[in-house]
>>> print(open('entry16.pdb').read())   # PDB, C-alpha atoms
ATOM      1  CA  MET A   1     107.136   8.336 -68.812
ATOM      2  CA  SER A   2     107.076  11.690 -67.117
ATOM      3  CA  ALA A   3     109.975  12.086 -64.644
ATOM      4  CA  ALA A   4     113.335  10.277 -64.467
ATOM      5  CA  LEU A   5     113.259   6.488 -64.316
ATOM      6  CA  LEU A   6     113.445   4.782 -60.933
ATOM      7  CA  PRO A   7     116.692   2.899 -60.178
ATOM      8  CA  LYS A   8     116.487  -0.737 -61.237
ATOM      9  CA  PRO A   9     115.672  -2.851 -58.188
ATOM     10  CA  GLN A  10     117.552  -5.975 -57.134
ATOM     11  CA  MET A  11     116.308  -8.721 -59.442
ATOM     12  CA  ARG A  12     118.370 -11.764 -58.519
ATOM     13  CA  GLY A  13     119.827 -13.469 -55.475
ATOM     14  CA  LEU A  14     116.965 -12.370 -53.220
ATOM     15  CA  LEU A  15     116.680 -15.672 -51.385
ATOM     16  CA  ALA A  16     120.456 -15.980 -51.118
ATOM     17  CA  ARG A  17     120.689 -12.559 -49.510
ATOM     18  CA  ARG A  18     117.855 -13.317 -47.105
ATOM     19  CA  MET A  19     119.353 -16.690 -46.191
ATOM     20  CA  LYS A  20     122.802 -15.216 -45.561
ATOM     21  CA  PHE A  21     121.303 -12.598 -43.273
ATOM     22  CA  HIS A  22     119.170 -15.045 -41.349
ATOM     23  CA  LEU A  23     121.796 -17.771 -41.081
ATOM     24  CA  LEU A  24     124.250 -15.304 -39.585
ATOM     25  CA  GLY A  25     121.586 -13.900 -37.311
ATOM     26  CA  ALA A  26     120.420 -17.313 -36.134
ATOM     27  CA  PHE A  27     123.992 -18.363 -35.414
ATOM     28  CA  LEU A  28     124.740 -15.207 -33.431
ATOM     29  CA  VAL A  29     121.467 -15.335 -31.479
ATOM     30  CA  SER A  30     121.847 -18.978 -30.522
ATOM     31  CA  MET A  31     125.523 -18.619 -29.574
ATOM     32  CA  GLY A  32     124.657 -15.493 -27.635
ATOM     33  CA  CYS A  33     121.916 -17.262 -25.708
ATOM     34  CA  ALA A  34     124.240 -20.157 -24.907
ATOM     35  CA  THR A  35     127.022 -17.823 -23.748
ATOM     36  CA  LEU A  36     124.661 -15.765 -21.611
ATOM     37  CA  TYR A  37     123.268 -18.880 -19.975
ATOM     38  CA  LYS A  38     126.730 -20.316 -19.313
ATOM     39  CA  PHE A  39     128.101 -17.172 -17.704
ATOM     40  CA  GLY A  40     124.887 -15.952 -16.132
ATOM     41  CA  ILE A  41     123.495 -19.138 -14.659
ATOM     42  CA  ALA A  42     125.715 -22.198 -15.026
ATOM     43  CA  GLU A  43     129.016 -20.745 -13.793
ATOM     44  CA  PRO A  44     127.518 -18.923 -10.761
ATOM     45  CA  ARG A  45     125.721 -22.109  -9.782
ATOM     46  CA  LYS A  46     128.929 -24.137  -9.959
ATOM     47  CA  GLN A  47     130.667 -21.451  -7.922
ATOM     48  CA  ALA A  48     127.878 -21.431  -5.315
ATOM     49  CA  TYR A  49     128.139 -25.191  -4.842
ATOM     50  CA  ALA A  50     131.940 -25.056  -4.657
ATOM     51  CA  ASP A  51     131.782 -22.286  -2.038
ATOM     52  CA  PHE A  52     129.165 -24.114  -0.001
ATOM     53  CA  TYR A  53     131.002 -27.412   0.183
ATOM     54  CA  ARG A  54     134.534 -26.006   0.585
ATOM     55  CA  ASN A  55     134.263 -25.695   4.391
ATOM     56  CA  TYR A  56     131.129 -27.764   4.979
ATOM     57  CA  ASP A  57     130.995 -29.751   8.201
ATOM     58  CA  PRO A  58     128.129 -32.276   7.997
ATOM     59  CA  MET A  59     128.358 -33.229  11.677
ATOM     60  CA  LYS A  60     127.930 -29.627  12.779
ATOM     61  CA  ASP A  61     124.921 -29.354  10.486
ATOM     62  CA  PHE A  62     123.517 -32.572  11.909
ATOM     63  CA  GLU A  63     123.879 -31.337  15.502
ATOM     64  CA  ALA A  64     122.126 -28.085  14.561
ATOM     65  CA  MET A  65     119.202 -29.943  12.966
ATOM     66  CA  LYS A  66     119.025 -32.310  15.952
ATOM     67  CA  ALA A  67     118.926 -29.434  18.384
ATOM     68  CA  ALA A  68     116.113 -27.787  16.410
ATOM     69  CA  GLY A  69     114.069 -30.971  16.865
ATOM     70  CA  VAL A  70     113.275 -31.782  13.196
ATOM     71  CA  LEU A  71     114.783 -35.311  13.236
ATOM     72  CA  GLU A  72     112.266 -37.861  14.477
ATOM     73  CA  SER A  73     114.786 -40.612  15.279
ATOM     74  CA  ALA A  74     117.356 -38.239  16.810
ATOM     75  CA  PRO A  75     115.485 -36.146  19.398
ATOM     76  CA  PRO A  76     117.195 -33.123  20.931
ATOM     77  CA  LYS A  77     117.076 -34.508  24.529
TER
ATOM     78  CA  MET B   1      60.774 -50.585 -82.372
ATOM     79  CA  LEU B   2      58.453 -48.551 -80.208
ATOM     80  CA  ALA B   3      60.762 -49.123 -77.246
ATOM     81  CA  SER B   4      63.818 -47.932 -79.127
ATOM     82  CA  ARG B   5      62.000 -44.748 -80.215
ATOM     83  CA  VAL B   6      61.002 -44.058 -76.614
ATOM     84  CA  PHE B   7      64.593 -44.678 -75.526
ATOM     85  CA  SER B   8      66.021 -42.250 -78.089
ATOM     86  CA  LEU B   9      63.568 -39.548 -76.919
ATOM     87  CA  VAL B  10      64.385 -40.140 -73.236
ATOM     88  CA  GLY B  11      68.114 -40.364 -74.017
ATOM     89  CA  ARG B  12      68.232 -37.057 -75.869
ATOM     90  CA  ARG B  13      66.315 -35.295 -73.099
ATOM     91  CA  SER B  14      68.445 -36.685 -70.291
ATOM     92  CA  ILE B  15      71.737 -35.630 -71.925
ATOM     93  CA  SER B  16      70.452 -32.288 -73.174
ATOM     94  CA  THR B  17      72.070 -30.089 -70.551
ATOM     95  CA  SER B  18      72.956 -26.531 -71.433
ATOM     96  CA  LEU B  19      76.470 -27.687 -72.343
ATOM     97  CA  CYS B  20      75.158 -30.157 -74.837
ATOM     98  CA  LEU B  21      72.886 -27.493 -76.287
ATOM     99  CA  GLY B  22      75.978 -25.358 -76.778
ATOM    100  CA  ALA B  23      77.829 -28.222 -78.430
ATOM    101  CA  HIS B  24      75.007 -28.884 -80.836
ATOM    102  CA  GLY B  25      74.580 -25.143 -81.504
ATOM    103  CA  HIS B  26      70.867 -25.392 -80.631
ATOM    104  CA  ALA B  27      70.250 -22.770 -77.928
ATOM    105  CA  GLY B  28      73.013 -20.331 -78.964
ATOM    106  CA  VAL B  29      75.767 -18.865 -76.786
ATOM    107  CA  VAL B  30      76.059 -20.441 -73.321
ATOM    108  CA  LYS B  31      76.277 -17.955 -70.467
ATOM    109  CA  ALA B  32      79.218 -19.017 -68.317
ATOM    110  CA  GLU B  33      78.537 -18.976 -64.567
ATOM    111  CA  GLU B  34      80.215 -16.090 -62.800
ATOM    112  CA  TYR B  35      82.143 -18.283 -60.418
ATOM    113  CA  THR B  36      83.738 -20.265 -63.272
ATOM    114  CA  LEU B  37      85.402 -17.214 -64.838
ATOM    115  CA  PRO B  38      88.907 -16.072 -63.839
ATOM    116  CA  VAL B  39      88.815 -13.419 -61.102
ATOM    117  CA  TYR B  40      90.837 -10.333 -60.390
ATOM    118  CA  ALA B  41      92.876 -10.346 -57.169
ATOM    119  CA  ASP B  42      95.287  -7.863 -55.594
ATOM    120  CA  ARG B  43      98.242 -10.059 -54.598
ATOM    121  CA  ARG B  44     101.862  -9.145 -53.981
ATOM    122  CA  ASP B  45     103.143 -12.359 -55.576
ATOM    123  CA  VAL B  46     100.888 -12.169 -58.672
ATOM    124  CA  PRO B  47     101.754  -8.874 -60.385
ATOM    125  CA  LEU B  48      99.578  -9.423 -63.501
ATOM    126  CA  PRO B  49      96.166 -10.922 -62.651
ATOM    127  CA  GLU B  50      94.271 -12.987 -65.208
ATOM    128  CA  VAL B  51      91.655 -10.330 -65.953
ATOM    129  CA  ALA B  52      91.531  -6.581 -65.803
ATOM    130  CA  PHE B  53      89.877  -4.972 -62.804
ATOM    131  CA  VAL B  54      87.151  -3.127 -64.678
ATOM    132  CA  ARG B  55      85.096  -5.508 -66.793
ATOM    133  CA  GLU B  56      82.374  -3.379 -68.382
ATOM    134  CA  LEU B  57      83.917  -0.203 -69.768
ATOM    135  CA  SER B  58      81.961   3.005 -70.060
ATOM    136  CA  ALA B  59      81.877   4.834 -73.402
ATOM    137  CA  GLN B  60      84.579   7.198 -72.184
ATOM    138  CA  GLN B  61      86.769   4.286 -71.122
ATOM    139  CA  ARG B  62      86.243   2.483 -74.417
ATOM    140  CA  ALA B  63      87.315   5.605 -76.289
ATOM    141  CA  LEU B  64      90.437   5.710 -74.121
ATOM    142  CA  LYS B  65      91.166   2.069 -74.917
ATOM    143  CA  GLU B  66      90.976   2.947 -78.631
ATOM    144  CA  LYS B  67      93.399   5.802 -78.049
ATOM    145  CA  GLU B  68      95.712   3.346 -76.291
ATOM    146  CA  LYS B  69      96.119   1.459 -79.570
ATOM    147  CA  ALA B  70      97.914   4.468 -81.047
ATOM    148  CA  ALA B  71     101.238   5.909 -79.873
ATOM    149  CA  TRP B  72     101.491   6.026 -76.088
ATOM    150  CA  SER B  73     103.464   9.254 -76.077
ATOM    151  CA  ALA B  74     100.218  10.944 -77.161
ATOM    152  CA  LEU B  75      98.539   9.976 -73.884
ATOM    153  CA  SER B  76      98.472  12.462 -71.035
ATOM    154  CA  VAL B  77      99.466  11.482 -67.493
ATOM    155  CA  GLU B  78      95.811  11.451 -66.358
ATOM    156  CA  GLU B  79      94.910   9.160 -69.249
ATOM    157  CA  LYS B  80      97.743   6.795 -68.377
ATOM    158  CA  VAL B  81      96.601   6.722 -64.755
ATOM    159  CA  GLU B  82      93.018   6.060 -65.929
ATOM    160  CA  LEU B  83      94.263   3.150 -68.074
ATOM    161  CA  TYR B  84      96.152   1.811 -65.041
ATOM    162  CA  ARG B  85      93.051   2.053 -62.865
ATOM    163  CA  ILE B  86      91.020   0.179 -65.512
ATOM    164  CA  LYS B  87      93.500  -2.671 -65.373
ATOM    165  CA  PHE B  88      94.340  -2.693 -61.657
ATOM    166  CA  ASN B  89      92.455  -1.981 -58.458
ATOM    167  CA  GLU B  90      95.181  -1.003 -55.977
ATOM    168  CA  THR B  91      98.790  -0.048 -56.549
ATOM    169  CA  TYR B  92     101.474  -2.018 -54.753
ATOM    170  CA  ALA B  93     101.876   0.850 -52.337
ATOM    171  CA  GLU B  94      98.152   0.836 -51.546
ATOM    172  CA  MET B  95      98.132  -2.964 -51.304
ATOM    173  CA  ASN B  96     101.027  -3.085 -48.838
ATOM    174  CA  LYS B  97      99.814  -0.219 -46.709
ATOM    175  CA  GLY B  98      99.286  -1.169 -43.075
ATOM    176  CA  THR B  99      96.010  -0.636 -41.264
ATOM    177  CA  ASN B 100      95.151   0.469 -37.751
ATOM    178  CA  GLU B 101      93.702  -2.940 -36.955
ATOM    179  CA  TRP B 102      96.294  -3.597 -34.247
ATOM    180  CA  LYS B 103      94.816  -0.851 -32.107
ATOM    181  CA  THR B 104      91.392  -2.482 -32.241
ATOM    182  CA  ILE B 105      92.875  -5.869 -31.404
ATOM    183  CA  LEU B 106      94.959  -4.536 -28.508
ATOM    184  CA  GLY B 107      91.965  -2.628 -27.178
ATOM    185  CA  GLY B 108      89.773  -5.687 -27.365
ATOM    186  CA  VAL B 109      92.344  -7.881 -25.638
ATOM    187  CA  LEU B 110      92.876  -5.402 -22.805
ATOM    188  CA  PHE B 111      89.142  -4.907 -22.414
ATOM    189  CA  PHE B 112      88.493  -8.606 -21.988
ATOM    190  CA  LEU B 113      91.445  -8.968 -19.624
ATOM    191  CA  GLY B 114      89.932  -6.209 -17.516
ATOM    192  CA  LEU B 115      86.526  -7.823 -17.628
ATOM    193  CA  THR B 116      88.081 -11.100 -16.487
ATOM    194  CA  GLY B 117      89.743  -9.224 -13.632
ATOM    195  CA  VAL B 118      86.407  -7.754 -12.567
ATOM    196  CA  ILE B 119      84.852 -11.217 -12.602
ATOM    197  CA  LEU B 120      87.708 -12.634 -10.505
ATOM    198  CA  ILE B 121      87.444  -9.819  -7.946
ATOM    199  CA  TRP B 122      83.691 -10.342  -7.674
ATOM    200  CA  GLN B 123      84.240 -14.076  -7.191
ATOM    201  CA  LYS B 124      86.809 -13.548  -4.395
ATOM    202  CA  ASN B 125      84.515 -11.088  -2.682
ATOM    203  CA  PHE B 126      81.126 -12.779  -2.999
ATOM    204  CA  MET B 127      81.596 -16.408  -3.909
ATOM    205  CA  TYR B 128      84.653 -18.071  -2.392
ATOM    206  CA  GLY B 129      84.776 -19.169   1.248
ATOM    207  CA  PRO B 130      87.726 -18.493   3.575
ATOM    208  CA  VAL B 131      91.206 -19.862   2.754
ATOM    209  CA  PRO B 132      92.589 -22.769   4.834
ATOM    210  CA  HIS B 133      94.091 -21.952   8.277
ATOM    211  CA  THR B 134      97.530 -22.926   6.968
ATOM    212  CA  PHE B 135      97.743 -19.552   5.200
ATOM    213  CA  THR B 136      97.678 -17.428   8.357
ATOM    214  CA  ASP B 137     100.819 -15.483   9.234
ATOM    215  CA  GLU B 138     101.505 -17.535  12.376
ATOM    216  CA  TRP B 139     101.318 -20.802  10.495
ATOM    217  CA  VAL B 140     103.458 -19.552   7.583
ATOM    218  CA  SER B 141     106.198 -18.215   9.893
ATOM    219  CA  ALA B 142     106.236 -21.468  11.878
ATOM    220  CA  GLN B 143     106.390 -23.331   8.561
ATOM    221  CA  THR B 144     109.305 -21.210   7.322
ATOM    222  CA  LYS B 145     111.161 -21.683  10.616
ATOM    223  CA  ARG B 146     110.800 -25.446  10.271
ATOM    224  CA  MET B 147     112.144 -25.272   6.708
ATOM    225  CA  LEU B 148     115.205 -23.344   7.904
ATOM    226  CA  ASP B 149     115.717 -25.816  10.761
ATOM    227  CA  MET B 150     115.683 -28.652   8.234
ATOM    228  CA  ARG B 151     118.232 -26.745   6.062
ATOM    229  CA  VAL B 152     116.009 -26.838   2.965
ATOM    230  CA  ASN B 153     117.924 -25.786  -0.224
ATOM    231  CA  PRO B 154     121.072 -24.638   1.602
ATOM    232  CA  VAL B 155     123.200 -23.826  -1.496
ATOM    233  CA  GLN B 156     121.135 -21.335  -3.494
ATOM    234  CA  GLY B 157     117.653 -21.531  -2.003
ATOM    235  CA  ILE B 158     115.829 -20.377   1.107
ATOM    236  CA  THR B 159     118.373 -21.486   3.737
ATOM    237  CA  ALA B 160     121.126 -19.681   1.810
ATOM    238  CA  GLN B 161     119.215 -16.394   2.388
ATOM    239  CA  TRP B 162     119.079 -16.818   6.181
ATOM    240  CA  ASP B 163     121.796 -15.588   8.502
ATOM    241  CA  PHE B 164     121.973 -18.166  11.348
ATOM    242  CA  ASP B 165     124.314 -16.086  13.523
ATOM    243  CA  LYS B 166     122.200 -12.924  13.537
ATOM    244  CA  ASN B 167     118.927 -14.862  13.286
ATOM    245  CA  GLU B 168     117.554 -12.760  10.427
ATOM    246  CA  TRP B 169     117.366 -12.708   6.631
ATOM    247  CA  LYS B 170     120.592 -11.861   4.840
ATOM    248  CA  LYS B 171     120.698  -8.390   3.329
TER
END
>>> encode(input="entry16.pdb", output="C-alpha coordinates")
Amino acid sequence: MSAALLPKPQMRGLLARRMKFHLLGAFLVSMGCATLYKFGIAEPRKQAYADFYRNYDPMKDFEAMKAAGVLESAPPK
Amino acid sequence: MLASRVFSLVGRRSISTSLCLGAHGHAGVVKAEEYTLPVYADRRDVPLPEVAFVRELSAQQRALKEKEKAAWSALSVEEKVELYRIKFNETYAEMNKGTNEWKTILGGVLFFLGLTGVILIWQKNFMYGPVPHTFTDEWVSAQTKRMLDMRVNPVQGITAQWDFDKNEWKK
(Lines of atoms letter the chains of each structure in order from A and count residues from 1; the text may use other names and numbers.)
(Lines give C-alpha, C1' and ligand atoms only; values in the text may rest on other atoms or scores of the structure.)
Protein backbone atom coordinates (compact mmCIF):
# COMPACT_ATOMS: atom_id res chain seq x y z
CA MET A 1 0.00 0.00 0.00
CA SER A 2 1.41 3.34 -1.00
CA ALA A 3 -0.65 6.24 0.43
CA ALA A 4 -3.01 6.34 3.42
CA LEU A 5 -5.86 3.83 3.48
CA LEU A 6 -9.26 4.89 2.18
CA PRO A 7 -12.02 5.27 4.82
CA LYS A 8 -13.96 2.05 5.30
CA PRO A 9 -17.17 2.25 3.29
CA GLN A 10 -20.64 1.48 4.64
CA MET A 11 -20.86 -2.30 4.73
CA ARG A 12 -24.24 -3.04 6.29
CA GLY A 13 -27.78 -1.73 6.28
CA LEU A 14 -27.59 -0.59 2.65
CA LEU A 15 -31.06 -1.78 1.73
CA ALA A 16 -32.51 -0.44 4.97
CA ARG A 17 -31.07 2.99 4.27
CA ARG A 18 -32.34 2.97 0.70
CA MET A 19 -35.79 1.80 1.78
CA LYS A 20 -36.07 4.47 4.48
CA PHE A 21 -35.16 7.15 1.97
CA HIS A 22 -37.55 5.93 -0.68
CA LEU A 23 -40.44 5.21 1.67
CA LEU A 24 -40.25 8.73 3.04
CA GLY A 25 -39.90 10.16 -0.43
CA ALA A 26 -42.80 8.16 -1.83
CA PHE A 27 -45.02 9.21 1.06
CA LEU A 28 -44.15 12.89 0.66
CA VAL A 29 -44.55 12.84 -3.13
CA SER A 30 -47.91 11.11 -3.05
CA MET A 31 -49.27 13.30 -0.23
CA GLY A 32 -47.95 16.34 -2.04
CA CYS A 33 -49.68 15.36 -5.27
CA ALA A 34 -52.94 14.75 -3.43
CA THR A 35 -52.73 18.09 -1.60
CA LEU A 36 -51.90 19.99 -4.78
CA TYR A 37 -54.81 18.40 -6.60
CA LYS A 38 -57.23 19.11 -3.76
CA PHE A 39 -56.32 22.77 -3.43
CA GLY A 40 -55.51 23.42 -7.07
CA ILE A 41 -58.37 21.68 -8.82
CA ALA A 42 -61.00 20.18 -6.53
CA GLU A 43 -61.62 23.16 -4.23
CA PRO A 44 -61.76 25.77 -7.04
CA ARG A 45 -64.20 23.57 -8.92
CA LYS A 46 -66.47 23.25 -5.89
CA GLN A 47 -66.26 27.01 -5.41
CA ALA A 48 -67.09 27.66 -9.08
CA TYR A 49 -70.20 25.50 -8.87
CA ALA A 50 -71.28 27.09 -5.59
CA ASP A 51 -70.84 30.58 -7.06
CA PHE A 52 -72.72 29.68 -10.23
CA TYR A 53 -75.75 28.22 -8.51
CA ARG A 54 -75.96 30.73 -5.63
CA ASN A 55 -78.03 33.26 -7.62
CA TYR A 56 -79.03 31.08 -10.57
CA ASP A 57 -82.46 31.72 -12.06
CA PRO A 58 -83.38 28.83 -14.39
CA MET A 59 -86.43 30.60 -15.82
CA LYS A 60 -84.36 33.60 -16.88
CA ASP A 61 -81.90 31.23 -18.52
CA PHE A 62 -84.74 29.43 -20.26
CA GLU A 63 -86.18 32.68 -21.64
CA ALA A 64 -82.73 33.66 -22.93
CA MET A 65 -82.28 30.31 -24.70
CA LYS A 66 -85.82 30.53 -26.10
CA ALA A 67 -85.20 34.00 -27.45
CA ALA A 68 -81.98 32.84 -29.13
CA GLY A 69 -84.02 30.21 -30.99
CA VAL A 70 -82.11 27.04 -29.98
CA LEU A 71 -85.14 25.22 -28.48
CA GLU A 72 -87.07 23.35 -31.16
CA SER A 73 -90.29 22.91 -29.14
CA ALA A 74 -90.22 26.43 -27.68
CA PRO A 75 -89.78 28.82 -30.63
CA PRO A 76 -89.00 32.48 -29.96
CA LYS A 77 -92.22 33.77 -31.64
CA MET B 1 -21.70 -65.64 -32.02
CA LEU B 2 -20.92 -63.73 -35.17
CA ALA B 3 -23.83 -61.39 -34.44
CA SER B 4 -22.63 -60.66 -30.93
CA ARG B 5 -19.12 -59.85 -32.21
CA VAL B 6 -20.58 -57.46 -34.78
CA PHE B 7 -22.71 -55.88 -32.05
CA SER B 8 -19.74 -55.33 -29.73
CA LEU B 9 -17.81 -53.65 -32.58
CA VAL B 10 -20.76 -51.41 -33.51
CA GLY B 11 -21.48 -50.70 -29.83
CA ARG B 12 -17.94 -49.58 -29.05
CA ARG B 13 -17.85 -47.32 -32.10
CA SER B 14 -21.21 -45.71 -31.42
CA ILE B 15 -20.33 -44.82 -27.81
CA SER B 16 -16.76 -43.81 -28.55
CA THR B 17 -17.23 -40.06 -28.42
CA SER B 18 -14.33 -37.87 -27.41
CA LEU B 19 -15.59 -37.96 -23.81
CA CYS B 20 -15.47 -41.70 -23.71
CA LEU B 21 -11.99 -41.64 -25.20
CA GLY B 22 -10.98 -39.37 -22.34
CA ALA B 23 -12.57 -41.69 -19.80
CA HIS B 24 -10.76 -44.70 -21.17
CA GLY B 25 -7.49 -42.73 -21.43
CA HIS B 26 -7.19 -43.71 -25.12
CA ALA B 27 -6.78 -40.43 -27.03
CA GLY B 28 -5.12 -38.42 -24.23
CA VAL B 29 -6.17 -35.03 -22.85
CA VAL B 30 -9.57 -33.80 -24.10
CA LYS B 31 -9.59 -30.21 -25.33
CA ALA B 32 -12.52 -28.50 -23.65
CA GLU B 33 -14.64 -26.33 -25.97
CA GLU B 34 -14.10 -22.63 -25.43
CA TYR B 35 -17.72 -21.91 -24.69
CA THR B 36 -17.84 -24.49 -21.87
CA LEU B 37 -15.09 -22.80 -19.83
CA PRO B 38 -15.86 -20.11 -17.23
CA VAL B 39 -15.60 -16.60 -18.70
CA TYR B 40 -14.35 -13.31 -17.38
CA ALA B 41 -16.93 -10.52 -17.04
CA ASP B 42 -16.77 -6.95 -15.75
CA ARG B 43 -19.82 -6.74 -13.46
CA ARG B 44 -20.55 -4.40 -10.58
CA ASP B 45 -22.26 -7.13 -8.55
CA VAL B 46 -19.56 -9.79 -9.15
CA PRO B 47 -16.33 -8.32 -7.76
CA LEU B 48 -14.18 -11.47 -8.24
CA PRO B 49 -14.86 -13.20 -11.59
CA GLU B 50 -14.25 -16.92 -12.00
CA VAL B 51 -11.11 -16.54 -14.12
CA ALA B 52 -8.43 -13.94 -14.48
CA PHE B 53 -8.66 -11.54 -17.40
CA VAL B 54 -5.38 -12.47 -19.06
CA ARG B 55 -5.23 -16.19 -19.80
CA GLU B 56 -1.93 -16.74 -21.60
CA LEU B 57 0.83 -14.90 -19.76
CA SER B 58 3.90 -13.62 -21.52
CA ALA B 59 7.34 -14.52 -20.16
CA GLN B 60 7.56 -11.16 -18.44
CA GLN B 61 4.16 -11.66 -16.83
CA ARG B 62 5.04 -15.17 -15.70
CA ALA B 63 8.19 -13.85 -14.05
CA LEU B 64 6.04 -11.26 -12.28
CA LYS B 65 3.67 -13.98 -11.08
CA GLU B 66 6.68 -15.81 -9.60
CA LYS B 67 7.73 -12.61 -7.86
CA GLU B 68 4.19 -12.32 -6.48
CA LYS B 69 4.74 -15.54 -4.53
CA ALA B 70 7.36 -13.77 -2.41
CA ALA B 71 6.76 -10.83 -0.07
CA TRP B 72 4.42 -8.26 -1.57
CA SER B 73 6.22 -5.33 0.01
CA ALA B 74 9.03 -6.06 -2.46
CA LEU B 75 6.75 -5.25 -5.40
CA SER B 76 6.82 -1.77 -6.89
CA VAL B 77 3.62 0.18 -7.57
CA GLU B 78 3.91 -0.46 -11.34
CA GLU B 79 4.28 -4.18 -10.70
CA LYS B 80 1.22 -4.20 -8.46
CA VAL B 81 -0.77 -2.37 -11.13
CA GLU B 82 0.48 -4.87 -13.74
CA LEU B 83 -0.66 -7.76 -11.51
CA TYR B 84 -4.06 -6.06 -11.15
CA ARG B 85 -4.37 -5.64 -14.91
CA ILE B 86 -3.53 -9.34 -15.41
CA LYS B 87 -6.39 -10.29 -13.13
CA PHE B 88 -8.95 -7.63 -14.08
CA ASN B 89 -9.90 -5.80 -17.25
CA GLU B 90 -11.49 -2.57 -16.01
CA THR B 91 -11.44 -0.96 -12.59
CA TYR B 92 -14.75 -0.18 -10.93
CA ALA B 93 -14.27 3.45 -11.82
CA GLU B 94 -13.73 2.58 -15.49
CA MET B 95 -16.65 0.15 -15.42
CA ASN B 96 -19.09 2.69 -13.97
CA LYS B 97 -17.98 5.55 -16.17
CA GLY B 98 -20.79 7.02 -18.25
CA THR B 99 -20.61 7.33 -22.01
CA ASN B 100 -21.75 10.00 -24.43
CA GLU B 101 -24.34 7.66 -25.91
CA TRP B 102 -27.23 9.88 -24.82
CA LYS B 103 -26.14 12.57 -27.24
CA THR B 104 -26.29 10.12 -30.14
CA ILE B 105 -29.71 8.89 -29.04
CA LEU B 106 -31.12 12.40 -28.57
CA GLY B 107 -29.71 13.45 -31.94
CA GLY B 108 -31.22 10.45 -33.65
CA VAL B 109 -34.62 10.99 -32.04
CA LEU B 110 -34.72 14.67 -32.99
CA PHE B 111 -33.56 13.89 -36.50
CA PHE B 112 -36.35 11.41 -37.09
CA LEU B 113 -38.91 13.74 -35.53
CA GLY B 114 -37.78 16.41 -37.97
CA LEU B 115 -37.94 13.99 -40.87
CA THR B 116 -41.48 13.06 -39.84
CA GLY B 117 -42.35 16.75 -39.76
CA VAL B 118 -41.01 17.21 -43.29
CA ILE B 119 -43.09 14.27 -44.48
CA LEU B 120 -46.23 15.68 -42.83
CA ILE B 121 -45.69 19.12 -44.37
CA TRP B 122 -45.19 17.57 -47.80
CA GLN B 123 -48.38 15.53 -47.35
CA LYS B 124 -50.45 18.61 -46.37
CA ASN B 125 -49.08 20.53 -49.32
CA PHE B 126 -49.17 17.94 -52.10
CA MET B 127 -51.39 15.07 -51.08
CA TYR B 128 -54.40 16.02 -48.97
CA GLY B 129 -57.50 17.63 -50.47
CA PRO B 130 -59.28 20.64 -48.95
CA VAL B 131 -60.74 20.46 -45.41
CA PRO B 132 -64.55 20.31 -44.99
CA HIS B 133 -66.51 23.60 -45.27
CA THR B 134 -67.37 23.36 -41.57
CA PHE B 135 -63.86 24.61 -40.74
CA THR B 136 -64.26 28.04 -42.35
CA ASP B 137 -64.26 31.07 -40.05
CA GLU B 138 -67.90 31.92 -40.78
CA TRP B 139 -69.07 28.43 -39.92
CA VAL B 140 -66.94 28.21 -36.75
CA SER B 141 -68.16 31.59 -35.44
CA ALA B 142 -71.79 30.65 -36.15
CA GLN B 143 -71.13 27.33 -34.40
CA THR B 144 -69.62 29.05 -31.36
CA LYS B 145 -72.53 31.50 -31.19
CA ARG B 146 -74.97 28.59 -31.16
CA MET B 147 -73.00 26.94 -28.35
CA LEU B 148 -73.19 30.13 -26.27
CA ASP B 149 -76.92 30.45 -27.00
CA MET B 150 -77.40 26.90 -25.73
CA ARG B 151 -75.37 27.75 -22.57
CA VAL B 152 -72.89 24.90 -23.13
CA ASN B 153 -70.67 24.29 -20.02
CA PRO B 154 -71.84 27.39 -18.12
CA VAL B 155 -69.91 26.75 -14.86
CA GLN B 156 -66.27 26.42 -15.90
CA GLY B 157 -66.37 25.96 -19.67
CA ILE B 158 -66.96 28.06 -22.77
CA THR B 159 -70.12 29.90 -21.65
CA ALA B 160 -68.36 30.91 -18.42
CA GLN B 161 -65.79 32.82 -20.54
CA TRP B 162 -68.42 34.89 -22.37
CA ASP B 163 -69.73 38.19 -21.08
CA PHE B 164 -73.43 38.31 -22.10
CA ASP B 165 -73.92 41.96 -21.12
CA LYS B 166 -71.03 43.35 -23.16
CA ASN B 167 -71.37 40.68 -25.85
CA GLU B 168 -67.67 39.79 -25.87
CA TRP B 169 -65.22 37.34 -24.31
CA LYS B 170 -64.38 37.96 -20.67
CA LYS B 171 -60.94 39.40 -20.06
>>> resolve_selection(input="entry16.pdb", expression="the PyMOL selection byres ((chain B) within 8 of (chain A))", output="PDB file with C-alpha atoms, in the coordinates of the input")
ATOM      1  CA  VAL B  77      99.466  11.482 -67.493  1.00  0.00           C
ATOM      2  CA  ARG B 146     110.800 -25.446  10.271  1.00  0.00           C
ATOM      3  CA  ASP B 149     115.717 -25.816  10.761  1.00  0.00           C
ATOM      4  CA  MET B 150     115.683 -28.652   8.234  1.00  0.00           C
ATOM      5  CA  ARG B 151     118.232 -26.745   6.062  1.00  0.00           C
ATOM      6  CA  VAL B 155     123.200 -23.826  -1.496  1.00  0.00           C
ATOM      7  CA  GLN B 156     121.135 -21.335  -3.494  1.00  0.00           C
TER       8      GLN B 156
END
>>> atom_distance(input="entry16.pdb", atom1="atom CA of B:Glu168", atom2="atom CA of B:Ser141")
12.6 Å
>>> atom_distance(input="entry16.pdb", atom1="atom CA of A:Pro76", atom2="atom CA of B:Met147")
17.0 Å
>>> atom_distance(input="entry16.pdb", atom1="atom CA of B:Thr134", atom2="atom CA of B:Ile158")
19.4 Å
>>> residues_around(input="entry16.pdb", residues="stretch 33-45 of chain B", least_positions_apart="3", cutoff="9 Å", atoms="all atoms listed in the file", output="mmCIF file with C-alpha atoms, keeping the file's coordinate frame")
data_model
loop_
_atom_site.group_PDB
_atom_site.id
_atom_site.type_symbol
_atom_site.label_atom_id
_atom_site.label_comp_id
_atom_site.auth_asym_id
_atom_site.auth_seq_id
_atom_site.Cartn_x
_atom_site.Cartn_y
_atom_site.Cartn_z
ATOM 1 C CA PRO B 49 96.166 -10.922 -62.651
ATOM 2 C CA GLU B 50 94.271 -12.987 -65.208
ATOM 3 C CA VAL B 51 91.655 -10.330 -65.953
ATOM 4 C CA ALA B 52 91.531 -6.581 -65.803
ATOM 5 C CA PHE B 53 89.877 -4.972 -62.804
ATOM 6 C CA PHE B 88 94.340 -2.693 -61.657
ATOM 7 C CA ASN B 89 92.455 -1.981 -58.458
ATOM 8 C CA GLU B 90 95.181 -1.003 -55.977
ATOM 9 C CA THR B 91 98.790 -0.048 -56.549
ATOM 10 C CA TYR B 92 101.474 -2.018 -54.753
ATOM 11 C CA MET B 95 98.132 -2.964 -51.304
ATOM 12 C CA ASN B 96 101.027 -3.085 -48.838
#
